[in-house]
Amino acid sequence: MFREIHKRTKKIGQPPGTLIYTGSKKFTIPSITFFNYNADHFHEKKDTDFDAEFLLKNKSGVTWINVEGLHDIELIKKIAEFYQLHPLTIEDILNNGQRPKVEEFKDYIYISTKMIKWSAKTNNFRIEEFNIIIGKNYILTFQDCKTTIFNDLQERLRSTTKQRLREQGSDYLAYRLIDTIVDHYFVVLEVLGNQIEKIEEKIITAPTQKNARTIYRLKHKMLILRKSIWPMREVISHLLQISQDSISSFTHLYLRDVYDHTVQAIDTLETFRDMLSNILDIYLSSLTTRMNEIMKVLTMIATVFIPITFLASVYGMNFDYMPELHWHYGYYIVLTIMIIVVIWMVFFFRRKKWL
Amino acid sequence: MFREIHKRTKKIGQPPGTLIYTGSKKFTIPSITFFNYNADHFHEKKDTDFDAEFLLKNKSGVTWINVEGLHDIELIKKIAEFYQLHPLTIEDILNNGQRPKVEEFKDYIYISTKMIKWSAKTNNFRIEEFNIIIGKNYILTFQDCKTTIFNDLQERLRSTTKQRLREQGSDYLAYRLIDTIVDHYFVVLEVLGNQIEKIEEKIITAPTQKNARTIYRLKHKMLILRKSIWPMREVISHLLQISQDSISSFTHLYLRDVYDHTVQAIDTLETFRDMLSNILDIYLSSLTTRMNEIMKVLTMIATVFIPITFLASVYGMNFDYMPELHWHYGYYIVLTIMIIVVIWMVFFFRRKKWL
Amino acid sequence: MFREIHKRTKKIGQPPGTLIYTGSKKFTIPSITFFNYNADHFHEKKDTDFDAEFLLKNKSGVTWINVEGLHDIELIKKIAEFYQLHPLTIEDILNNGQRPKVEEFKDYIYISTKMIKWSAKTNNFRIEEFNIIIGKNYILTFQDCKTTIFNDLQERLRSTTKQRLREQGSDYLAYRLIDTIVDHYFVVLEVLGNQIEKIEEKIITAPTQKNARTIYRLKHKMLILRKSIWPMREVISHLLQISQDSISSFTHLYLRDVYDHTVQAIDTLETFRDMLSNILDIYLSSLTTRMNEIMKVLTMIATVFIPITFLASVYGMNFDYMPELHWHYGYYIVLTIMIIVVIWMVFFFRRKKWL
Amino acid sequence: MFREIHKRTKKIGQPPGTLIYTGSKKFTIPSITFFNYNADHFHEKKDTDFDAEFLLKNKSGVTWINVEGLHDIELIKKIAEFYQLHPLTIEDILNNGQRPKVEEFKDYIYISTKMIKWSAKTNNFRIEEFNIIIGKNYILTFQDCKTTIFNDLQERLRSTTKQRLREQGSDYLAYRLIDTIVDHYFVVLEVLGNQIEKIEEKIITAPTQKNARTIYRLKHKMLILRKSIWPMREVISHLLQISQDSISSFTHLYLRDVYDHTVQAIDTLETFRDMLSNILDIYLSSLTTRMNEIMKVLTMIATVFIPITFLASVYGMNFDYMPELHWHYGYYIVLTIMIIVVIWMVFFFRRKKWL
Amino acid sequence: MFREIHKRTKKIGQPPGTLIYTGSKKFTIPSITFFNYNADHFHEKKDTDFDAEFLLKNKSGVTWINVEGLHDIELIKKIAEFYQLHPLTIEDILNNGQRPKVEEFKDYIYISTKMIKWSAKTNNFRIEEFNIIIGKNYILTFQDCKTTIFNDLQERLRSTTKQRLREQGSDYLAYRLIDTIVDHYFVVLEVLGNQIEKIEEKIITAPTQKNARTIYRLKHKMLILRKSIWPMREVISHLLQISQDSISSFTHLYLRDVYDHTVQAIDTLETFRDMLSNILDIYLSSLTTRMNEIMKVLTMIATVFIPITFLASVYGMNFDYMPELHWHYGYYIVLTIMIIVVIWMVFFFRRKKWL
């Protein structure tokens with residue numbers, strides 16, 4: 001969050017389109033994967049540099065270039081030059097603190113999305129930017145980390161069985177990428193949903209401050225997720241309005257489906273937020289109830305014993321002339337009075353429904 | 001809720017249109033009912049497999065195929081092939097965690113709705129998905145459970161008296177199905193409304209934590225209901241905008257009516273939510289009032305007895321020279337002082353309006 | 001509220017247009033009043049049955065048929081047949097739990113509204129449904145109770161002085177009916193406004209739980225009112241968009257005026273809601289302030305007396321060797337120490353601003 | 001507020017257009033001021049009756065008739081007749097409880113606005129209705145009180161220096177009137193802003209219930225202001241959409257400016273509301289903090305003294321056989337134990353961070 | 001905030017377009033900088049007066065006149081005359097309390113924006129108005145303070161390397177100015193973000209009233225920021241809708257980018273607000289938890305010692321006939337009973353989970 005803002009402020013004073021890498025260099029050598037395919041052929045090449053020859057050799061079909069690691073600005077520049085990307089697009093790709101958005105340019109559509117992945121190790125999610133450029137017959141994707149979430153998709157590309165993915169154009173591949181990203185939102189939402197269910201149970205049995213803090217942390221996470229997922233709705237809705245030249249009517253149907261999934265993810269997120277507020281209310285009201293209970297105990301003990309202790313104190317006074325002290329049954333009479341006071345008090349509490 | 005998300009995550013990594021049953025196989029053999037009717041004739045057949053012959057034999061009039069139980073993917077595939085359904089539609093039907101929606105395809109309209117049924121046994125409602133496909137002269141409905149809520153409707157179809165239902169096309173039947181579903185929302189809302197009324201009364205007479213938890217549980221239920229009912233508004237509003245080819249102007253009037261009912265259901269739901277918040281506020285304020293009352297009792301008792309107990313303690317001291325102890329009326333003087341202190345305290349509380 | 005829902009659930013399983021009276025039969029014989037008028041003539045007839053002859057005899061001018069009491073379904077059917085009402089309209093008229101709405105049919109406009117009347121007896125308002133059908137030259141109104149709110153209007157119709165009401169068509173009469181209904185919203189709002197003002201004053205001087213409950217009850221009433229008044233805005237806004245064939249431009253100007261009144265009623269309602277929340281906040285904060293005050297008294301008393309009582313206890317011990325006990329001024333020294341402690345405590349409280 | 005509603009209910013049962021004065025007759029004789037001017041000439045006349053001759057004599061240029069005091073219905077009728085005002089307009093002018101609005105009629109535009117003036121005497125603002133009718137070359141203004149806020153404007157009209165005001169038409173004068181009204185909103189907002197700043201400071205240093213009530217009163221005032229200022233936005237936005245025949249493009253530019261001012265007034269109002277909520281939160285949290293502090297003192301005193309008082313009580317018992325009593329250093333040992341208990345307690349509080 | 005309103009009220013009674021300087025004269029002599037450039041040449045001149053000759057001499061290319069200090073009305077008038085600015089524009093420039101807005105005039109576009117700069121000295125941000133006038137081939141900027149935030153931009157203008165900035169028209173320069181302003185929003189947001197993070201940590205470890213007040217102060221700052229940043233969205237969105245004559249399609253792409261940044265700034269602001277509310281909730285709930293804890297300690301101490309102190313008091317009574325006193329083991333029996341009571345109490349607390 002703050003990281004993102006920081007990245008932006010690092011660039012102040014630079015003209016737009018100045019290429020500054022705002023990420024945090026996670027591995028030293030970037031990795032580029034080239035895919036070229038259509039229904040009939042499939043070529044794949046993994047490299048650390050941009051290989052224009054591969055592209056010139058494999059002109060037919062769809063080309064997908066997947067770049068992992070963005071700190072090598074020269075590399076990005078080469079790709080940008082080859083595909084004639086607008087300076088703003090390159091800047092947006094390098095800038096890691098982007099809000100998900102779609103921008104149409106003359107020759108391509110630039111989409112900035114957020115991948116959200118659950119990391120069991122840190123028991124938290126990680127948000128990574130994923131940039132997609134949809135051209136006539138190519139897809140460029142840029143990310144600043146190594147991801148495994150597209151492995152299944154790549155495996156499917158390599159597979160030789162006849163299938164839609166290989167037959168369709170670049171827009172369909174883009175859809176598949178977005179679909180995968182949105183599907184992973186549900187993975188994170190599922191884990192968080194389980195955590196919410198668990199904390200709800202806990203807070204009822206043990207309304208401790210520690211559990212309360214867990215709720216606040218979950219609410220905080222919801223805020224962060226929200227900032228990434230909400231704009232995706234606009235992104236896909238924008239894609240749905242793009243003319244048929246770029247997005248075929250075939251893919252359009254599928255995009256409509258991802259749109260519904262995104263709306264469902266947002267729905268779930270908002271329901272989670274409402275549930276957390278609800279749980280917090282249980283917690284707060286149980287605090288007050290508990291306080292009431294504690295106060296009741298204190299008040300009962302104090303109210304029962306204070307009067308009879310007073311009585312005992314009175315007969316502990318050392319006056320020379322206190323006739324009661326010399327009565328034969330004085331002690332027993334006082335004890336009896338004390339018992340009566342206690343019984344009367346108990347009745348009083350019963351009437352007040354404290355017992 | 002979480003169940004639904006889980007279902008979605010089960011499918012990650014699969015291409016769209018992959019047919020995976022995400023339900024939880026409630027009975028071993030699916031049941032299919034075929035209806036074919038028009039104003040003049042009526043045919044009905046119950047089977048466990050798809051019977052294409054029946055359909056070819058009964059071509060005139062409207063055909064309604066009702067499938068209960070979705071785990072037999074082969075069966076679903078056969079129906080889909082026969083009616084040439086889009087892969088996404090089949091996927092949506094099999095996927096049990098759908099948000100209510102309408103999707104127009106070339107030959108048919110796909111509607112995903114949520115049935116909400118009250119179960120007296122679990123004292124809770126059950127949400128089931130109900131998929132409707134409206135074709136030129138057929139209706140396909142898919143659900144993953146056996147329901148009785150359409151029994152009246154089927155009985156009416158079978159009846160021989162002249163009636164609108166048999167004279168109209170498939171769109172009118174679809175309307176009747178949706179109407180029945182929406183009507184059952186009111187059954188659930190009525191039960192919940194009664195529960196809210198009951199808890200409101202209880203919370204005023206006995207603001208216990210148990211009752212508070214009932215409110216929270218009701219609020220939780222409202223959240224779940226909301227997620228199912230709100231999208232129905234969009235669904236029907238979408239249906240109302242569909243061209244007259246698919247939805248006749250005759251049915252259109254009736255759909256407008258269901259739309260009003262849905263809006264009313266949403267209105268009621270929102271009013272319930274506001275009422276629950278209102279009741280919760282009563283509860284919370286009564287907690288604080290109660291606390292005040294308890295504190296008042298404690299303070300009164302303590303404030304009255306602490307000073308006079310102090311006085312008694314003073315004359316319980318064992319100093320050799322305490323002249324008051326040897327006064328003849330010392331004891332009575334001290335008692336009088338104590339009584340004066342008590343009276344003075346009572347006046348003080350009166351002035352403070354604590355008594 | 002719940003009543004309304006119940007009515008709806010009574011109808012489940014019936015085909016649409018099934019005529020079931022969902023009201024609660026308030027008087028045994030329905031009453032029908034026929035009015036026929038134009039600038040020149042005026043005919044009026046009160047009956048218990050539908051009199052088609054009257055209508056055939058009096059064809060010129062505007063006809064207004066006012067039906068009070070809806071349990072006689074046969075009667076309603078006769079009227080419906082005469083004016084060729086759509087089955088859904090009849091159903092909506094008989095169904096007492098309608099949301100205010102406008103529905104345009106080929107020959108007429110159906111308007112469902114809510115009359116809200118203050119009943120001094122129950123110290124509450126009563127919401128009744130009022131159905132209006134605007135035809136070419138007739139108005140049909142249906143209600144399930146006897147109302148007096150249109151008496152003035154009827155008197156004006158009967159009056160022989162030249163006036164707009166008699167010169168205009170059925171749309172103007174409809175406007176006058178709606179105007180009267182909306183005007184009565186302000187009667188109810190005025191009474192509630194006075195109650196709010198009164199409770200505001202009370203809660204400041206005496207923040208008791210009883211007064212708090214009055215606020216909650218008022219908030220509850222606002223929720224109910226809201227459900228009836230908000231939709232009226234849409235109703236009139238819809239009427240304003242209807243083509244000039246049905247609503248003349250003359251009446252249109254007047255309807256615009258009612259629209260403004262409805263918006264003002266909603267404005268007032270919302271302001272009332274905000275004021276009630278505001279008052280509730282005063283109440284809650286005054287509870288806490290009061291608690292603080294109580295606690296202060298307790299703490300002061302306890303803090304002053306507990307240390308000196310301890311001192312007295314020390315010298316109440318029976319050790320054989322306690323030299324202070326035998327000092328001649330021991331007692332006075334201890335008393336002095338006690339007074340010093342008290343003074344010191346008072347200074348402490350002063351510094352803490354508790355005194 | 002309630003006053004306004006009351007006025008409306010006074011009119012129930014009357015046909016629309018019935019002229020009933022709903023104000024509260026503030027001065028016995030109404031005052032009318034006639035202005036007639038263009039770039040070259042200026043005529044002014046103050047009268048208590050409508051003077052048609054003046055109007056017929058001064059036909060060229062712009063005429064402004066300013067009526068103060070609306071209880072003389074006959075007078076209003078004369079003006080209405082002369083300018084052929086619609087009955088609804090006259091009714092709206094006489095009706096004092098109007099929501100700000102614009103209504104276009106064939107020959108004129110009717111604008112109802114709210115003047116808000118700060119009264120130092122009552123330390124509160126006063127809301128007065130100000131009605132403007134913009135005709136081809138005349139302006140009629142109606143108000144039920146004497147105001148001085150337009151004095152500057154009138155002075156400028158009288159002044160002989162060449163200026164825009166005298167050169168432009170009636171629409172520009174109307175703009176100037178509205179501009180003056182909106183400018184005075186800022187006067188009221190400034191005073192309230194100062195009060196908010198003052199109370200914010202106070203509540204931090206002295207969170208008393210009295211100060212809390214001041215906040216609630218300010219919030220209440222905001223609610224009232226809101227009801228008057230919000231609709232002004234729609235009013236001016238409506239004026240901006242009126243065709244160029246009525247509002248010249250010259251004036252249009254200026255109206256756009258008033259629109260911005262109104263939006264700014266609303267912005268300020270909403271920020272004030274947020275600030276008041278914020279201050280209220282400070283107050284409430286400081287109450288709880290204070291309570292905590294009080295409880296801490298009580299608990300510390302009680303926790304330190306209760307155990308040692310108990311110890312003293314034990315050795316105040318009168319058993320025949322209590323060996324410790326006869327020990328030579330028994331008393332000192334007990335005193336030492338007491339001191340140890342106290343020290344231990346202080347350490348305990350330190351650890352709990354209460355000291 | 002209040003300052004701004006005050007400025008507005010200073011102008012009441014003046015005709016629109018009256019030139020009154022509402023700022024607070026920060027330096028005595030205004031400074032004007034003239035820039036004239038195109039791809040080939042660059043001229044710069046710093047002056048204290050308006051130099052029309054410079055402008056007439058340098059007609060080709062883009063001219064940027066930057067005015068710092070607005071109290072010299074004569075100077076502003078000269079510029080306005082030269083460029084034929086509308087009176088309202090001049091008024092708006094001089095008026096320091098403007099809401100950000102765009103106004104299109106025939107020959108130019110007037111943009112009013114807010115610069116927000118962090119001042120490390122006061123540990124707060126300063127909001128300054130920045131007015132931009134975009135003409136055919138000139139840019140006029142007016143501000144009432146000396147700023148350094150455009151230094152980088154000016155340096156770039158002066159630089160001789162070939163670059164976009166020098167090649168493009170006045171609209172591109174305007175974009176660069178707005179971009180710089182929006183970029184600085186992130187500087188402020190970053191500092192505030194860090195403060196929020198810091199206070200969040202603090203409030204968890206030490207929920208003191210002082211920290212609470214820091215939160216309130218941050219919330220207050222958010223309110224102020226909001227008032228300045230939100231309207232910028234409309235401003236840029238308005239610019240995006242302006243026809244291509246004024247804003248070239250080249251610049252349009254870049255403006256779209258600033259728009260995204262503004263939306264991101266608003267997003268961040270809103271997330272900050274939510275986070276502050278969240279933190280406040282932690283604080284409030286921790287207060288109550290703390291209170292519970294304090295009460296528990298008090299109740300435990302009191303509940304354990306009050307009964308046994310009572311017991312001791314009983315045997316401190318001085319009755320002549322108290323057989324227990326004379327038992328040989330009476331003292332030990334009582335001590336044992338006391339220990340049993342304490343143990344029993346501890347068990348009781350264990351069961352209540354207070355220990």
# chains A, B, ... in the order shown; residues from 1 in each chain; ligands from 1
call {"tool": "closest_atom_pairs", "arguments": {"of": "chain B", "to": "chain A", "cutoff": "8 Å", "atoms": "only C-alpha atoms", "output": "tab-separated table"}}
result
residue	atom	partner	partner_atom	distance
B:Phe2	CA	A:Gly193	CA	6.3
B:Ile5	CA	A:Glu190	CA	6.0
B:His6	CA	A:Glu190	CA	6.4
B:Arg8	CA	A:Phe186	CA	7.1
B:Thr9	CA	A:Val187	CA	5.9
B:Ile12	CA	A:Asp183	CA	6.3
B:Gly13	CA	A:Asp152	CA	5.5
B:Gln14	CA	A:Asp152	CA	7.7
B:Pro15	CA	A:Leu153	CA	7.9
B:Leu88	CA	A:Tyr254	CA	7.5
B:Arg99	CA	A:Gln264	CA	6.4
B:Gln209	CA	A:Thr289	CA	6.8
B:Ala212	CA	A:Ile282	CA	7.9
B:Arg213	CA	A:Ile282	CA	7.3
B:Tyr216	CA	A:Asn278	CA	6.8
B:Lys219	CA	A:Asn278	CA	7.7
B:His220	CA	A:Met275	CA	6.9
B:Leu223	CA	A:Thr271	CA	6.7
B:Ile224	CA	A:Thr271	CA	8.0
B:Lys227	CA	A:Asp267	CA	7.3
B:Leu284	CA	A:Ser285	CA	6.7
B:Leu287	CA	A:Thr289	CA	6.9
B:Thr288	CA	A:Thr288	CA	7.7
B:Arg290	CA	A:Asn292	CA	7.7
B:Met291	CA	A:Asn292	CA	5.7
B:Ile294	CA	A:Lys296	CA	6.7
B:Met295	CA	A:Met295	CA	7.5
B:Val297	CA	A:Thr299	CA	7.5
B:Leu298	CA	A:Thr299	CA	5.2
B:Ile301	CA	A:Thr303	CA	6.1
B:Ala302	CA	A:Ile306	CA	7.1
B:Phe305	CA	A:Pro307	CA	6.5
B:Ile306	CA	A:Ile306	CA	7.8
B:Ile308	CA	A:Phe310	CA	7.4
B:Thr309	CA	A:Phe310	CA	5.0
B:Ala312	CA	A:Val314	CA	5.1
B:Ser313	CA	A:Ser313	CA	6.1
B:Val314	CA	A:Met317	CA	7.8
B:Tyr315	CA	A:Met317	CA	4.9
B:Gly316	CA	A:Met317	CA	3.9
B:Met317	CA	A:Asn318	CA	7.3
B:Asn318	CA	A:Asn318	CA	7.5
B:Glu324	CA	A:Phe319	CA	7.6
B:Leu325	CA	A:Phe319	CA	4.3
B:His326	CA	A:Asp320	CA	5.4
B:Trp327	CA	A:Asp320	CA	7.5
B:His328	CA	A:Tyr321	CA	6.1
B:Tyr329	CA	A:Tyr321	CA	7.4
B:Gly330	CA	A:Phe319	CA	6.9
B:Tyr331	CA	A:Phe319	CA	6.1
call {"tool": "select_by_dssp", "arguments": {"residues": "region 70-234 of chain E", "states": "alpha helix (DSSP H)", "output": "ChimeraX atom specification"}}
result
/E:73-83,87-94,151-158,164-167,170-205,209-234
call {"tool": "select_by_dssp", "arguments": {"residues": "region 24-263 of chain B", "states": "strand (DSSP E or B)", "output": "PyMOL selection string"}}
result
chain B and resi 31-37+42-47+62-68+101-104+109-119+124-134+138-143
call {"tool": "write_last_selection", "arguments": {"atoms": "C-alpha atoms", "output": "CSV table (one decimal), in the first residue's frame"}}
result
chain,number,residue,atom,x,y,z
B,31,SER,CA,-34.6,-38.0,-12.4
B,32,ILE,CA,-35.8,-36.4,-15.6
B,33,THR,CA,-39.4,-35.4,-16.3
B,34,PHE,CA,-40.6,-34.6,-19.8
B,35,PHE,CA,-43.7,-32.5,-20.3
B,36,ASN,CA,-45.1,-31.8,-23.7
B,37,TYR,CA,-48.3,-29.7,-24.0
B,42,PHE,CA,-50.6,-33.1,-22.7
B,43,HIS,CA,-47.9,-35.7,-22.4
B,44,GLU,CA,-45.7,-36.5,-19.4
B,45,LYS,CA,-42.9,-39.0,-18.9
B,46,LYS,CA,-40.6,-39.6,-16.0
B,47,ASP,CA,-37.3,-41.3,-16.7
B,62,VAL,CA,-44.2,-26.6,-25.6
B,63,THR,CA,-41.7,-29.1,-24.1
B,64,TRP,CA,-40.5,-28.8,-20.6
B,65,ILE,CA,-37.6,-31.0,-19.4
B,66,ASN,CA,-37.0,-30.9,-15.7
B,67,VAL,CA,-33.8,-32.5,-14.5
B,68,GLU,CA,-33.3,-33.2,-10.8
B,101,LYS,CA,-27.9,-14.0,-13.9
B,102,VAL,CA,-29.4,-13.9,-17.4
B,103,GLU,CA,-27.4,-14.7,-20.5
B,104,GLU,CA,-28.7,-14.4,-24.0
B,109,ILE,CA,-31.9,-17.5,-22.9
B,110,TYR,CA,-30.1,-18.9,-19.9
B,111,ILE,CA,-31.3,-17.9,-16.5
B,112,SER,CA,-29.7,-18.9,-13.2
B,113,THR,CA,-31.8,-18.3,-10.2
B,114,LYS,CA,-31.8,-19.2,-6.5
B,115,MET,CA,-34.6,-21.1,-4.9
B,116,ILE,CA,-35.0,-20.3,-1.2
B,117,LYS,CA,-37.0,-22.7,0.8
B,118,TRP,CA,-37.7,-22.7,4.5
B,119,SER,CA,-36.9,-26.0,6.3
B,124,ASN,CA,-33.3,-22.3,8.6
B,125,PHE,CA,-33.7,-21.7,4.9
B,126,ARG,CA,-31.9,-23.7,2.2
B,127,ILE,CA,-30.7,-22.0,-0.9
B,128,GLU,CA,-30.7,-24.1,-4.1
B,129,GLU,CA,-29.7,-23.2,-7.6
B,130,PHE,CA,-32.4,-23.4,-10.3
B,131,ASN,CA,-31.3,-23.1,-13.9
B,132,ILE,CA,-33.8,-22.3,-16.6
B,133,ILE,CA,-33.2,-22.4,-20.3
B,134,ILE,CA,-35.9,-20.7,-22.5
B,138,TYR,CA,-39.0,-25.6,-25.0
B,139,ILE,CA,-37.9,-25.0,-21.4
B,140,LEU,CA,-35.1,-26.9,-19.8
B,141,THR,CA,-34.7,-26.7,-16.0
B,142,PHE,CA,-31.9,-28.1,-14.0
B,143,GLN,CA,-31.6,-28.4,-10.2
call {"tool": "decode", "arguments": {"residues": "region 259-274 of chain D", "atoms": "C-alpha atoms", "output": "CSV table (one decimal), in the first residue's frame"}}
result
chain,number,residue,atom,x,y,z
D,259,TYR,CA,-23.6,27.0,-9.3
D,260,ASP,CA,-20.0,26.5,-8.3
D,261,HIS,CA,-20.6,28.6,-5.2
D,262,THR,CA,-23.6,26.5,-4.2
D,263,VAL,CA,-21.6,23.3,-4.6
D,264,GLN,CA,-18.9,24.8,-2.5
D,265,ALA,CA,-21.5,25.7,0.2
D,266,ILE,CA,-22.8,22.1,0.2
D,267,ASP,CA,-19.2,20.8,0.3
D,268,THR,CA,-18.5,23.0,3.3
D,269,LEU,CA,-21.7,21.9,5.0
D,270,GLU,CA,-20.9,18.2,4.5
D,271,THR,CA,-17.4,18.8,5.8
D,272,PHE,CA,-18.8,20.5,8.9
D,273,ARG,CA,-21.1,17.5,9.4
D,274,ASP,CA,-18.1,15.2,9.2
